[in-house]
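Shown next: run29.txt, given as compact mmCIF, C-alpha atoms and all ligand atoms.
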# COMPACT_ATOMS: atom_id res chain seq x y z
CA MET H 1 175.59 54.65 79.07
CA ALA H 2 172.04 54.73 77.70
CA ALA H 3 169.31 56.20 79.89
CA ILE H 4 166.88 53.70 81.43
CA ASN H 5 163.23 54.46 80.83
CA LEU H 6 161.18 53.24 83.76
CA THR H 7 157.51 52.45 83.26
CA LYS H 8 154.81 53.62 85.63
CA MET H 9 154.79 50.14 87.15
CA ASP H 10 158.60 50.20 87.67
CA LYS H 11 158.25 53.48 89.53
CA GLU H 12 155.46 51.96 91.63
CA ILE H 13 157.76 49.08 92.59
CA ILE H 14 160.45 51.52 93.73
CA GLN H 15 157.81 53.33 95.79
CA LYS H 16 156.71 49.98 97.21
CA ILE H 17 160.29 49.27 98.35
CA ILE H 18 160.37 52.71 99.98
CA ASP H 19 156.99 52.09 101.64
CA HIS H 20 158.29 48.79 103.04
CA GLY H 21 161.28 50.47 104.70
CA GLY H 22 163.90 50.66 101.93
CA LYS H 23 164.00 54.39 101.29
CA GLY H 24 167.72 54.23 100.43
CA ILE H 25 166.93 52.52 97.11
CA THR H 26 167.03 55.91 95.36
CA LYS H 27 170.44 56.74 96.89
CA CYS H 28 172.34 53.67 95.67
CA ILE H 29 175.01 54.53 93.09
CA GLN H 30 176.09 50.92 92.46
CA CYS H 31 179.57 51.39 93.92
CA ASN H 32 179.60 47.76 95.16
CA ALA H 33 181.15 48.62 98.53
CA CYS H 34 178.37 46.73 100.30
CA ALA H 35 179.06 43.56 98.32
CA SER H 36 182.73 43.68 99.33
CA VAL H 37 181.77 42.99 102.95
CA CYS H 38 178.53 41.03 102.52
CA PRO H 39 178.46 37.35 103.55
CA VAL H 40 175.64 36.74 101.05
CA ALA H 41 177.88 37.90 98.18
CA LYS H 42 180.89 36.05 99.56
CA ALA H 43 178.84 32.82 99.78
CA GLY H 44 178.03 33.12 96.08
CA PHE H 45 174.31 33.84 96.22
CA PRO H 46 173.36 35.33 92.85
CA LEU H 47 171.29 38.27 94.05
CA TYR H 48 173.40 39.98 96.72
CA GLY H 49 172.73 43.61 97.73
CA ARG H 50 174.11 45.79 94.93
CA LEU H 51 172.79 43.53 92.20
CA LEU H 52 169.41 43.25 93.91
CA PHE H 53 169.21 47.04 94.08
CA ARG H 54 170.20 47.33 90.41
CA LYS H 55 167.43 44.95 89.37
CA ILE H 56 164.90 46.96 91.37
CA GLN H 57 166.18 50.28 90.05
CA THR H 58 166.05 49.18 86.43
CA GLY H 59 162.59 47.61 86.27
CA HIS H 60 163.41 43.89 86.67
CA PHE H 61 161.39 43.31 89.83
CA GLU H 62 159.10 40.59 88.50
CA GLU H 63 162.00 38.38 87.42
CA ILE H 64 163.60 38.45 90.89
CA ILE H 65 160.59 38.22 93.22
CA GLU H 66 161.07 34.47 93.76
CA ASP H 67 164.86 34.55 94.14
CA SER H 68 165.85 33.18 97.56
CA SER H 69 169.16 35.08 97.98
CA SER H 70 167.60 37.76 100.18
CA TRP H 71 166.70 35.10 102.76
CA ALA H 72 170.42 34.43 103.26
CA CYS H 73 170.94 37.96 104.65
CA GLN H 74 172.43 37.66 108.13
CA ALA H 75 171.26 41.10 109.29
CA CYS H 76 174.90 41.83 110.16
CA ASN H 77 174.65 45.41 108.89
CA ARG H 78 178.21 45.48 107.54
CA CYS H 79 176.73 46.92 104.35
CA THR H 80 175.15 49.76 106.26
CA GLU H 81 178.45 50.62 107.94
CA ILE H 82 180.38 50.80 104.67
CA CYS H 83 177.85 52.41 102.30
CA PRO H 84 179.20 55.83 101.23
CA ARG H 85 175.68 57.03 100.37
CA ASP H 86 174.02 56.14 103.66
CA ALA H 87 171.57 54.09 101.61
CA LYS H 88 171.20 51.58 104.47
CA PRO H 89 171.38 48.56 102.15
CA PHE H 90 170.26 46.17 104.89
CA GLU H 91 166.95 48.03 105.10
CA ILE H 92 166.46 47.72 101.33
CA VAL H 93 167.10 43.97 101.48
CA PHE H 94 164.56 43.63 104.28
CA ALA H 95 162.03 45.80 102.43
CA PHE H 96 162.36 43.41 99.50
CA ARG H 97 161.98 40.44 101.84
CA ARG H 98 158.82 41.93 103.35
CA ILE H 99 157.32 42.20 99.88
CA GLN H 100 158.39 38.62 99.14
CA ALA H 101 156.78 37.46 102.40
CA ASN H 102 153.53 39.24 101.50
CA GLU H 103 153.54 37.41 98.18
CA LEU H 104 154.55 34.13 99.89
CA ALA H 105 157.77 34.02 97.86
CA ILE H 106 159.54 32.64 100.92
CA SER H 107 162.62 30.45 100.85
CA THR H 108 162.16 27.11 102.64
CA SER H 109 165.39 28.01 104.46
CA ALA H 110 163.32 30.62 106.33
CA PHE H 111 160.79 28.12 107.66
CA THR H 112 162.78 27.01 110.72
CA PRO H 113 163.51 30.60 111.87
CA LEU H 114 159.83 31.49 111.32
CA MET H 115 158.69 28.45 113.31
CA ASN H 116 161.15 29.37 116.10
CA LEU H 117 159.82 32.91 116.11
CA HIS H 118 156.25 31.64 116.40
CA ALA H 119 157.09 29.16 119.18
CA THR H 120 159.58 31.13 121.29
CA GLY H 121 159.63 34.77 120.17
CA HIS H 122 163.15 34.36 118.72
CA ALA H 123 163.95 33.47 115.12
CA VAL H 124 167.32 31.98 116.09
CA TYR H 125 166.88 29.70 119.05
CA SER H 126 168.68 26.76 120.60
CA GLU H 127 167.95 24.93 123.85
CA ALA H 128 171.72 24.42 124.17
CA SER H 129 172.22 28.17 124.59
CA LYS H 130 170.44 28.03 127.98
CA GLU H 131 173.17 25.85 129.48
CA LEU H 132 175.95 27.95 127.93
CA ARG H 133 174.45 31.16 129.30
CA GLN H 134 174.12 29.71 132.79
CA LYS H 135 177.73 28.49 132.70
CA VAL H 136 178.93 32.09 132.35
CA GLY H 137 176.57 33.37 135.04
CA LEU H 138 173.79 34.72 132.83
CA PRO H 139 170.05 33.98 133.17
CA ALA H 140 169.02 30.96 131.07
CA VAL H 141 167.21 33.22 128.60
CA PRO H 142 167.82 36.90 127.72
CA VAL H 143 165.38 39.60 128.82
CA THR H 144 163.67 39.79 125.45
CA SER H 145 160.49 38.37 123.94
CA ILE H 146 161.73 34.89 124.80
CA ALA H 147 161.20 35.72 128.49
CA ASN H 148 157.90 37.53 127.96
CA GLU H 149 154.82 35.41 127.40
CA LYS H 150 152.68 38.42 126.47
CA ALA H 151 155.17 39.51 123.78
CA GLN H 152 155.28 35.96 122.43
CA GLU H 153 151.49 35.89 122.27
CA GLU H 154 151.53 39.15 120.29
CA ILE H 155 154.16 37.79 117.89
CA ARG H 156 152.08 34.64 117.36
CA THR H 157 148.97 36.74 116.67
CA LEU H 158 150.87 38.87 114.13
CA LEU H 159 152.33 35.83 112.35
CA ASP H 160 149.03 33.91 112.35
CA ASN H 161 147.26 36.89 110.80
CA SER H 162 150.00 37.68 108.25
CA PRO H 163 150.09 36.11 104.78
CA MET H 164 152.61 33.64 106.26
CA GLY H 165 149.81 32.21 108.41
CA GLU H 166 148.56 30.61 105.19
CA LEU H 167 151.72 28.51 104.83
CA GLY H 168 150.56 25.96 107.42
CA ILE H 169 153.94 25.84 109.17
CA PHE H 170 152.85 27.17 112.55
S1 LIG F 201 177.45 50.53 99.18
FE1 LIG F 201 175.59 51.80 99.07
S2 LIG F 201 175.77 52.97 97.19
FE2 LIG F 201 177.29 51.32 97.09
S3 LIG F 201 176.22 49.64 95.97
FE3 LIG F 201 175.89 49.30 98.14
S4 LIG F 201 173.94 50.33 98.65
FE4 LIG F 201 174.66 51.11 96.67
S1 LIG F 202 173.06 42.90 106.49
FE1 LIG F 202 172.61 41.38 104.91
S2 LIG F 202 172.96 42.47 102.98
FE2 LIG F 202 174.01 43.63 104.58
S3 LIG F 202 176.14 42.86 104.65
FE3 LIG F 202 174.95 41.69 106.16
S4 LIG F 202 174.26 39.88 105.07
FE4 LIG F 202 174.87 41.37 103.50

Show this structure as structure tokens.
Ligand code: SF4
Ligand code: SF4
Amino acid sequence: MAAINLTKMDKEIIQKIIDHGGKGITKCIQCNACASVCPVAKAGFPLYGRLLFRKIQTGHFEEIIEDSSSWACQACNRCTEICPRDAKPFEIVFAFRRIQANELAISTSAFTPLMNLHATGHAVYSEASKELRQKVGLPAVPVTSIANEKAQEEIRTLLDNSPMGELGIF
């Protein structure tokens, strides 16, 4: 296989992924184990983990920045459990997503979770869950940001002052 010559900018992109929390990007050996368990790959999204990492590693960042596949990640961490290189693929996907968010390359599918996060402190939220929780003897809401007005206020401040505040969805 021919060697890949990365430009200075390609190397800067890899460093950017590392700086945004995806330090495992340099460990990935393209074994595809993560894809074998990933719901994003199974659902047929074109840019699932291994392929996303390959594009980043080989200097194709600009052509993938607007791809919405990363927003389908379920944060299930199956990839992290199976990766033989401890590359923590989930963290790389989220590092990429953070960069996309900074550049407002956000899938519209992420708008509802973002609006939930801004309103309640939880990205995934349903009023119906309150009743279900109470039925099994749990408090209506968990002891997380959803039950903490101060934490919610802080989350709102962070979102309002992030690049996503410019989207006009909050
Ligand atoms: S399992 Fe790990 S090493 Fe294999 S392709 Fe996925 S991230 Fe790369
Ligand atoms: S955390 Fe995301 S990338 Fe990893 S297996 Fe789950 S859906 Fe796929």

Legend entry - Distance query H:Asn5 at most 10 Å, all atoms listed in the file, self and fewer than 5 positions along chain excluded, as a ChimeraX atom specification: /H:10,58-59

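The space separating atom CA of H:Phe111 from atom S3 of ligand LIG 201 (chain F) comes to 28.9 Å.
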
Legend entry - Spatial neighbours of H:Phe45, 12 Å, all atoms listed in the file, chain gap at least 3 places, as a PyMOL selection string: chain H and resi 35+38-42+48-49+51-52+67-73

Please report as a tab-separated table every residue of chain H lying within 7 Å of ligand LIG 201 (chain F), along with the nearest atom pair and their distance in Å (one decimal), using all atoms listed in the file.
residue	atom	partner	partner_atom	distance
H:Lys27	CA	F:LIG201	S2	6.5
H:Cys28	CA	F:LIG201	FE4	3.6
H:Ile29	CA	F:LIG201	S2	4.5
H:Gln30	CA	F:LIG201	S3	3.7
H:Cys31	CA	F:LIG201	FE2	3.9
H:Asn32	CA	F:LIG201	S3	4.0
H:Ala33	CA	F:LIG201	S1	4.2
H:Cys34	CA	F:LIG201	S1	4.1
H:Ala35	CA	F:LIG201	FE3	6.6
H:Gly49	CA	F:LIG201	FE3	6.5
H:Arg50	CA	F:LIG201	S3	4.5
H:Cys79	CA	F:LIG201	S1	6.3
H:Ile82	CA	F:LIG201	S1	6.2
H:Cys83	CA	F:LIG201	S1	3.7
H:Pro84	CA	F:LIG201	FE1	5.8
H:Arg85	CA	F:LIG201	S2	5.2
H:Asp86	CA	F:LIG201	FE1	6.5
H:Ala87	CA	F:LIG201	FE1	5.3
H:Lys88	CA	F:LIG201	S4	6.6
H:Pro89	CA	F:LIG201	S4	4.7

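Residue nearest H:Val93 within the list H:Ile169, H:Ala123, H:Ile65, H:Leu159: H:Ile65 [criterion: smallest interatomic distance, only C-alpha atoms].
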
Legend entry - Residue list as a list in words for point (164.5, 52.8, 106.1), cut-off 12 Å, all atoms listed in the file: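 Every polymer residue passing the test: Ile17, Ile18, Asp19, His20, Gly21, Gly22, Lys23, Gly24, Ile25, Thr26, Lys27, Thr80, Asp86, Ala87, Lys88, Pro89, Phe90, Glu91, Ile92, Val93, Phe94, Ala95 and Phe96 of chain H.
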
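Here the question is which of H:Ser126, H:Gln57, H:Gln74, H:Ser145 gets nearest to ligand LIG 202 (chain F) using all atoms listed in the file, and that residue is H:Gln74.
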
Could stretch 113-138 of chain H be completed with N, CA, C and O atoms and returned as an mmCIF file, in the coordinates of the input?
data_model
loop_
_atom_site.group_PDB
_atom_site.id
_atom_site.type_symbol
_atom_site.label_atom_id
_atom_site.label_comp_id
_atom_site.auth_asym_id
_atom_site.auth_seq_id
_atom_site.Cartn_x
_atom_site.Cartn_y
_atom_site.Cartn_z
ATOM 1 N N PRO H 113 163.520 29.372 111.075
ATOM 2 C CA PRO H 113 163.510 30.600 111.870
ATOM 3 C C PRO H 113 162.094 31.131 112.118
ATOM 4 O O PRO H 113 161.792 31.613 113.216
ATOM 5 N N LEU H 114 161.206 31.016 111.130
ATOM 6 C CA LEU H 114 159.830 31.490 111.320
ATOM 7 C C LEU H 114 159.106 30.648 112.373
ATOM 8 O O LEU H 114 158.377 31.177 113.221
ATOM 9 N N MET H 115 159.336 29.335 112.328
ATOM 10 C CA MET H 115 158.690 28.450 113.310
ATOM 11 C C MET H 115 159.242 28.729 114.714
ATOM 12 O O MET H 115 158.495 28.727 115.691
ATOM 13 N N ASN H 116 160.560 28.994 114.805
ATOM 14 C CA ASN H 116 161.150 29.370 116.100
ATOM 15 C C ASN H 116 160.520 30.649 116.629
ATOM 16 O O ASN H 116 160.191 30.757 117.807
ATOM 17 N N LEU H 117 160.388 31.623 115.713
ATOM 18 C CA LEU H 117 159.820 32.910 116.110
ATOM 19 C C LEU H 117 158.405 32.720 116.650
ATOM 20 O O LEU H 117 158.025 33.300 117.677
ATOM 21 N N HIS H 118 157.635 31.891 115.984
ATOM 22 C CA HIS H 118 156.250 31.640 116.400
ATOM 23 C C HIS H 118 156.217 30.921 117.754
ATOM 24 O O HIS H 118 155.396 31.239 118.626
ATOM 25 N N ALA H 119 157.131 29.985 117.963
ATOM 26 C CA ALA H 119 157.090 29.160 119.180
ATOM 27 C C ALA H 119 157.729 29.855 120.384
ATOM 28 O O ALA H 119 157.278 29.681 121.519
ATOM 29 N N THR H 120 158.795 30.635 120.146
ATOM 30 C CA THR H 120 159.580 31.130 121.290
ATOM 31 C C THR H 120 159.727 32.660 121.333
ATOM 32 O O THR H 120 160.202 33.192 122.319
ATOM 33 N N GLY H 121 159.406 33.330 120.212
ATOM 34 C CA GLY H 121 159.630 34.770 120.170
ATOM 35 C C GLY H 121 160.997 35.136 119.627
ATOM 36 O O GLY H 121 161.338 36.307 119.500
ATOM 37 N N HIS H 122 161.830 34.130 119.318
ATOM 38 C CA HIS H 122 163.150 34.360 118.720
ATOM 39 C C HIS H 122 163.273 33.562 117.429
ATOM 40 O O HIS H 122 162.954 32.365 117.417
ATOM 41 N N ALA H 123 163.774 34.199 116.378
ATOM 42 C CA ALA H 123 163.950 33.470 115.120
ATOM 43 C C ALA H 123 165.098 32.473 115.221
ATOM 44 O O ALA H 123 165.027 31.373 114.695
ATOM 45 N N VAL H 124 166.171 32.888 115.905
ATOM 46 C CA VAL H 124 167.320 31.980 116.090
ATOM 47 C C VAL H 124 167.278 31.506 117.534
ATOM 48 O O VAL H 124 167.392 32.306 118.463
ATOM 49 N N TYR H 125 167.078 30.216 117.698
ATOM 50 C CA TYR H 125 166.880 29.700 119.050
ATOM 51 C C TYR H 125 167.494 28.320 119.194
ATOM 52 O O TYR H 125 167.395 27.491 118.295
ATOM 53 N N SER H 126 168.139 28.095 120.329
ATOM 54 C CA SER H 126 168.680 26.760 120.600
ATOM 55 C C SER H 126 168.571 26.493 122.096
ATOM 56 O O SER H 126 168.985 27.322 122.915
ATOM 57 N N GLU H 127 168.038 25.334 122.435
ATOM 58 C CA GLU H 127 167.950 24.930 123.850
ATOM 59 C C GLU H 127 169.338 24.910 124.474
ATOM 60 O O GLU H 127 169.508 25.235 125.641
ATOM 61 N N ALA H 128 170.349 24.548 123.643
ATOM 62 C CA ALA H 128 171.720 24.420 124.170
ATOM 63 C C ALA H 128 172.237 25.750 124.701
ATOM 64 O O ALA H 128 173.104 25.780 125.594
ATOM 65 N N SER H 129 171.710 26.856 124.163
ATOM 66 C CA SER H 129 172.220 28.170 124.590
ATOM 67 C C SER H 129 171.890 28.431 126.069
ATOM 68 O O SER H 129 172.604 29.161 126.744
ATOM 69 N N LYS H 130 170.816 27.814 126.575
ATOM 70 C CA LYS H 130 170.440 28.030 127.980
ATOM 71 C C LYS H 130 171.586 27.596 128.908
ATOM 72 O O LYS H 130 171.987 28.319 129.813
ATOM 73 N N GLU H 131 172.098 26.395 128.635
ATOM 74 C CA GLU H 131 173.170 25.850 129.480
ATOM 75 C C GLU H 131 174.426 26.719 129.376
ATOM 76 O O GLU H 131 175.069 27.039 130.377
ATOM 77 N N LEU H 132 174.758 27.132 128.139
ATOM 78 C CA LEU H 132 175.950 27.950 127.930
ATOM 79 C C LEU H 132 175.833 29.274 128.683
ATOM 80 O O LEU H 132 176.782 29.738 129.318
ATOM 81 N N ARG H 133 174.658 29.886 128.619
ATOM 82 C CA ARG H 133 174.450 31.160 129.300
ATOM 83 C C ARG H 133 174.629 30.992 130.815
ATOM 84 O O ARG H 133 175.279 31.802 131.473
ATOM 85 N N GLN H 134 174.035 29.925 131.342
ATOM 86 C CA GLN H 134 174.120 29.710 132.790
ATOM 87 C C GLN H 134 175.552 29.442 133.242
ATOM 88 O O GLN H 134 175.960 29.881 134.308
ATOM 89 N N LYS H 135 176.320 28.780 132.376
ATOM 90 C CA LYS H 135 177.730 28.490 132.700
ATOM 91 C C LYS H 135 178.528 29.764 132.935
ATOM 92 O O LYS H 135 179.474 29.787 133.709
ATOM 93 N N VAL H 136 178.177 30.830 132.202
ATOM 94 C CA VAL H 136 178.930 32.090 132.350
ATOM 95 C C VAL H 136 178.193 33.078 133.255
ATOM 96 O O VAL H 136 178.462 34.282 133.244
ATOM 97 N N GLY H 137 177.220 32.549 134.022
ATOM 98 C CA GLY H 137 176.570 33.370 135.040
ATOM 99 C C GLY H 137 175.425 34.232 134.553
ATOM 100 O O GLY H 137 174.994 35.161 135.260
ATOM 101 N N LEU H 138 174.924 33.943 133.352
ATOM 102 C CA LEU H 138 173.790 34.720 132.830
ATOM 103 C C LEU H 138 172.483 33.970 133.082
ATOM 104 O O LEU H 138 172.489 32.742 133.256
#
